[in-house]
Amino acid sequence: MKLLLIGPPGAGKGTHAKIYCKKFNLINLATGDILRANIRSGTPLGQKAKETIEAGNLVSDELVNQMVFEEIKSFGVDKGYLFDGYPRTLGQAKALDDFLAKEGQKLDAVLDLATSEELIMFRLSGRRICTSDGCKGNFHITNMPSKIEGVCDLCGGKLVQRKDDKPETIKHRLETYEKETMPLLDYYRKQRILHDIDGDLSIPDLQDVTDKLFEELKLVK
Ligand code: AP5
Ligand code: MG
C-alpha cells in the first residue's frame, strides 16, 4: 500500500503516520523529519534547508524530489510507504506520479486531514519533539504530556519546541499550505484517490474512521 497524508501544519500527519506505519508495516517517509535530521547533523542539504524551514517556507522541489527518490530507491520502490508532508506542491505531485509510474507503481489513497485553525494553533504551540537522532518522540504539553517534563518517554532525550512552531511562523506556514498545497486536493480528487477526513477528531476517533475506510477500499486484509 502507498498512502499519502495531506493536511495543514498540526493536522496530525506525523501522529497518525506513526500509527499506520506500525499497523500496516509501512515505511514512514516524512520529508520534514528527514530535513530536520539533516539540519541537526549539518549536512550540505541541512545547511541549504535550515533558514527556509525555520522561516516556514518550502524547500525547493528539486532538492526535495531528489531526496525522496533517493530514499525510496534505498528501500525499494515496490515496498509499502506512508508519505507525510510530501508531495506538497503540484510540481512534486507530478514528479512522484512519474517516478512511481516508471516502476509500475502508484499511490493507493490520499487522506486529507482538514483541520480548524483554532486547533492547529493549540496543537502546535503545545507540541514538543525529541532532539535525539532517529527518535520520533512527539508530545503535547496538555494532550499527550511526557511522563517527565522536557524528557522523551521513548529514549530519555531532550524535548524542545520546533523553531517553526512560533505563532507568527505557524500563520505563515498556513498561508503557504493554502497557496502551494491545497491545489493538490483537486489533483488527487480527479484521480479519485482523495478521501476527506475530519482532522479535528480525537486520535482514536480518527483511527476508527480510517480503519473503516481502509476496509471499504480493501487496502487491508
Ligand atoms: P513538516 O515537518 O512536514 O511540518 P508540517 O507539514 O507543517 O506539519 P507538522 O509536522 O507541523 O504537523 P503534523 O500534521 O505532522 O502534526 P503532528 O502530528 O506533529 O515540514 C516542516 C517544514 O519542512 C516545512 O515548512 C518546509 O519548510 C519543509 N518541508 C517539508 N516537506 C517539504 C516538501 N515536501 N517540500 C518543501 N518543503 C518541505 O501534531 C501536532 C501536535 O498536535 C502534536 O503535539 C500532537 O501530539 C497533537 N495532535 C495531533 N493530532 C491530534 C489529535 N487528533 N488530537 C489531539 N492532539 C493531536
Ligand atoms: Mg509532522
# chains A, B, ... in the order shown; residues from 1 in each chain; ligands from 1
>>> residues_around(residues="range 129-141 of chain A", least_positions_apart="5", cutoff="8 Å", atoms="only C-alpha atoms", output="PyMOL selection string")
chain A and resi 15+37+123+146+151-155+157-162
>>> closest_atom_pairs(of="chain A", to="ligand 1", cutoff="7 Å", atoms="only C-alpha atoms and all ligand atoms", output="JSON lines")
{"residue": "A:Gly7", "atom": "CA", "partner": "ligand 1", "partner_atom_place_in_ligand_line": "14 (O)", "distance": 6.2}
{"residue": "A:Pro8", "atom": "CA", "partner": "ligand 1", "partner_atom_place_in_ligand_line": "6 (O)", "distance": 5.9}
{"residue": "A:Pro9", "atom": "CA", "partner": "ligand 1", "partner_atom_place_in_ligand_line": "7 (O)", "distance": 3.5}
{"residue": "A:Gly10", "atom": "CA", "partner": "ligand 1", "partner_atom_place_in_ligand_line": "12 (O)", "distance": 3.6}
{"residue": "A:Ala11", "atom": "CA", "partner": "ligand 1", "partner_atom_place_in_ligand_line": "14 (O)", "distance": 3.9}
{"residue": "A:Gly12", "atom": "CA", "partner": "ligand 1", "partner_atom_place_in_ligand_line": "18 (O)", "distance": 3.2}
{"residue": "A:Lys13", "atom": "CA", "partner": "ligand 1", "partner_atom_place_in_ligand_line": "14 (O)", "distance": 3.7}
{"residue": "A:Gly14", "atom": "CA", "partner": "ligand 1", "partner_atom_place_in_ligand_line": "15 (O)", "distance": 3.7}
{"residue": "A:Thr15", "atom": "CA", "partner": "ligand 1", "partner_atom_place_in_ligand_line": "18 (O)", "distance": 3.6}
{"residue": "A:His16", "atom": "CA", "partner": "ligand 1", "partner_atom_place_in_ligand_line": "18 (O)", "distance": 6.5}
{"residue": "A:Ala30", "atom": "CA", "partner": "ligand 1", "partner_atom_place_in_ligand_line": "3 (O)", "distance": 6.5}
{"residue": "A:Thr31", "atom": "CA", "partner": "ligand 1", "partner_atom_place_in_ligand_line": "31 (N)", "distance": 4.4}
{"residue": "A:Gly32", "atom": "CA", "partner": "ligand 1", "partner_atom_place_in_ligand_line": "2 (O)", "distance": 3.4}
{"residue": "A:Asp33", "atom": "CA", "partner": "ligand 1", "partner_atom_place_in_ligand_line": "2 (O)", "distance": 5.7}
{"residue": "A:Leu35", "atom": "CA", "partner": "ligand 1", "partner_atom_place_in_ligand_line": "23 (O)", "distance": 6.4}
{"residue": "A:Thr52", "atom": "CA", "partner": "ligand 1", "partner_atom_place_in_ligand_line": "27 (O)", "distance": 5.7}
{"residue": "A:Ile53", "atom": "CA", "partner": "ligand 1", "partner_atom_place_in_ligand_line": "27 (O)", "distance": 3.6}
{"residue": "A:Glu54", "atom": "CA", "partner": "ligand 1", "partner_atom_place_in_ligand_line": "27 (O)", "distance": 7.0}
{"residue": "A:Gly56", "atom": "CA", "partner": "ligand 1", "partner_atom_place_in_ligand_line": "25 (O)", "distance": 4.5}
{"residue": "A:Asn57", "atom": "CA", "partner": "ligand 1", "partner_atom_place_in_ligand_line": "27 (O)", "distance": 4.7}
{"residue": "A:Leu58", "atom": "CA", "partner": "ligand 1", "partner_atom_place_in_ligand_line": "37 (N)", "distance": 3.8}
{"residue": "A:Val59", "atom": "CA", "partner": "ligand 1", "partner_atom_place_in_ligand_line": "37 (N)", "distance": 3.9}
{"residue": "A:Ser60", "atom": "CA", "partner": "ligand 1", "partner_atom_place_in_ligand_line": "36 (C)", "distance": 5.8}
{"residue": "A:Asp61", "atom": "CA", "partner": "ligand 1", "partner_atom_place_in_ligand_line": "35 (N)", "distance": 6.1}
{"residue": "A:Val64", "atom": "CA", "partner": "ligand 1", "partner_atom_place_in_ligand_line": "35 (N)", "distance": 5.7}
{"residue": "A:Asp84", "atom": "CA", "partner": "ligand 1", "partner_atom_place_in_ligand_line": "3 (O)", "distance": 6.5}
{"residue": "A:Gly85", "atom": "CA", "partner": "ligand 1", "partner_atom_place_in_ligand_line": "3 (O)", "distance": 4.3}
{"residue": "A:Tyr86", "atom": "CA", "partner": "ligand 1", "partner_atom_place_in_ligand_line": "34 (N)", "distance": 3.9}
{"residue": "A:Pro87", "atom": "CA", "partner": "ligand 1", "partner_atom_place_in_ligand_line": "34 (N)", "distance": 4.8}
{"residue": "A:Arg88", "atom": "CA", "partner": "ligand 1", "partner_atom_place_in_ligand_line": "34 (N)", "distance": 4.9}
{"residue": "A:Thr89", "atom": "CA", "partner": "ligand 1", "partner_atom_place_in_ligand_line": "35 (N)", "distance": 7.0}
{"residue": "A:Arg123", "atom": "CA", "partner": "ligand 1", "partner_atom_place_in_ligand_line": "42 (O)", "distance": 3.9}
{"residue": "A:Leu124", "atom": "CA", "partner": "ligand 1", "partner_atom_place_in_ligand_line": "41 (C)", "distance": 5.2}
{"residue": "A:Gly126", "atom": "CA", "partner": "ligand 1", "partner_atom_place_in_ligand_line": "44 (O)", "distance": 6.1}
{"residue": "A:Arg127", "atom": "CA", "partner": "ligand 1", "partner_atom_place_in_ligand_line": "44 (O)", "distance": 3.7}
{"residue": "A:Arg128", "atom": "CA", "partner": "ligand 1", "partner_atom_place_in_ligand_line": "44 (O)", "distance": 6.2}
{"residue": "A:Asn138", "atom": "CA", "partner": "ligand 1", "partner_atom_place_in_ligand_line": "44 (O)", "distance": 5.9}
{"residue": "A:Phe139", "atom": "CA", "partner": "ligand 1", "partner_atom_place_in_ligand_line": "44 (O)", "distance": 4.8}
{"residue": "A:His140", "atom": "CA", "partner": "ligand 1", "partner_atom_place_in_ligand_line": "44 (O)", "distance": 4.0}
{"residue": "A:Asn143", "atom": "CA", "partner": "ligand 1", "partner_atom_place_in_ligand_line": "56 (N)", "distance": 5.6}
{"residue": "A:Met144", "atom": "CA", "partner": "ligand 1", "partner_atom_place_in_ligand_line": "46 (O)", "distance": 5.7}
{"residue": "A:Arg173", "atom": "CA", "partner": "ligand 1", "partner_atom_place_in_ligand_line": "25 (O)", "distance": 6.0}
{"residue": "A:Gly199", "atom": "CA", "partner": "ligand 1", "partner_atom_place_in_ligand_line": "53 (N)", "distance": 6.3}
{"residue": "A:Asp200", "atom": "CA", "partner": "ligand 1", "partner_atom_place_in_ligand_line": "53 (N)", "distance": 5.9}
{"residue": "A:Leu201", "atom": "CA", "partner": "ligand 1", "partner_atom_place_in_ligand_line": "53 (N)", "distance": 5.2}
{"residue": "A:Ser202", "atom": "CA", "partner": "ligand 1", "partner_atom_place_in_ligand_line": "53 (N)", "distance": 4.1}
{"residue": "A:Ile203", "atom": "CA", "partner": "ligand 1", "partner_atom_place_in_ligand_line": "53 (N)", "distance": 4.1}
{"residue": "A:Leu206", "atom": "CA", "partner": "ligand 1", "partner_atom_place_in_ligand_line": "53 (N)", "distance": 6.9}
>>> atom_distance(atom1="CA of Asp196 in chain A", atom2="CA of Ala114 in chain A")
7.3 Å
>>> residues_around(residues="range 19-29 of chain A", least_positions_apart="6", cutoff="10 Å", atoms="only C-alpha atoms", output="list in words")
Met1, Lys2, Leu3, Leu4, Val68, Glu71, Ile72, Phe75, Lys79, Gly80, Tyr81, Leu82, Phe83, Asp84, Gly85, Tyr86, Ile203, Gln207, Thr210, Asp211, Leu219 and Val220 of chain A
>>> closest_residue(among="A:Glu62, A:Asp165, A:Val110, A:Gly104", to="ligand 2", atoms="only C-alpha atoms and all ligand atoms")
A:Asp165
>>> select_by_dssp(residues="range 39-170 of chain A", states="alpha helix (DSSP H)", output="PyMOL selection string")
chain A and resi 39-40+44-54+61-75+90-102+117-126+167-170
>>> select_by_dssp(residues="range 116-175 of chain A", states="strand (DSSP E)", output="list in words")
Arg127, Arg128, Ile129, Cys130, Asn138, Phe139, His140, Leu159 and Val160 of chain A
>>> atom_distance(atom1="CA of Thr142 in chain A", atom2="CA of Ser116 in chain A")
18.1 Å
>>> closest_residue(among="A:Asp164, A:Asn38, A:Arg192, A:Gln66", to="ligand 2", atoms="only C-alpha atoms and all ligand atoms")
A:Asp164
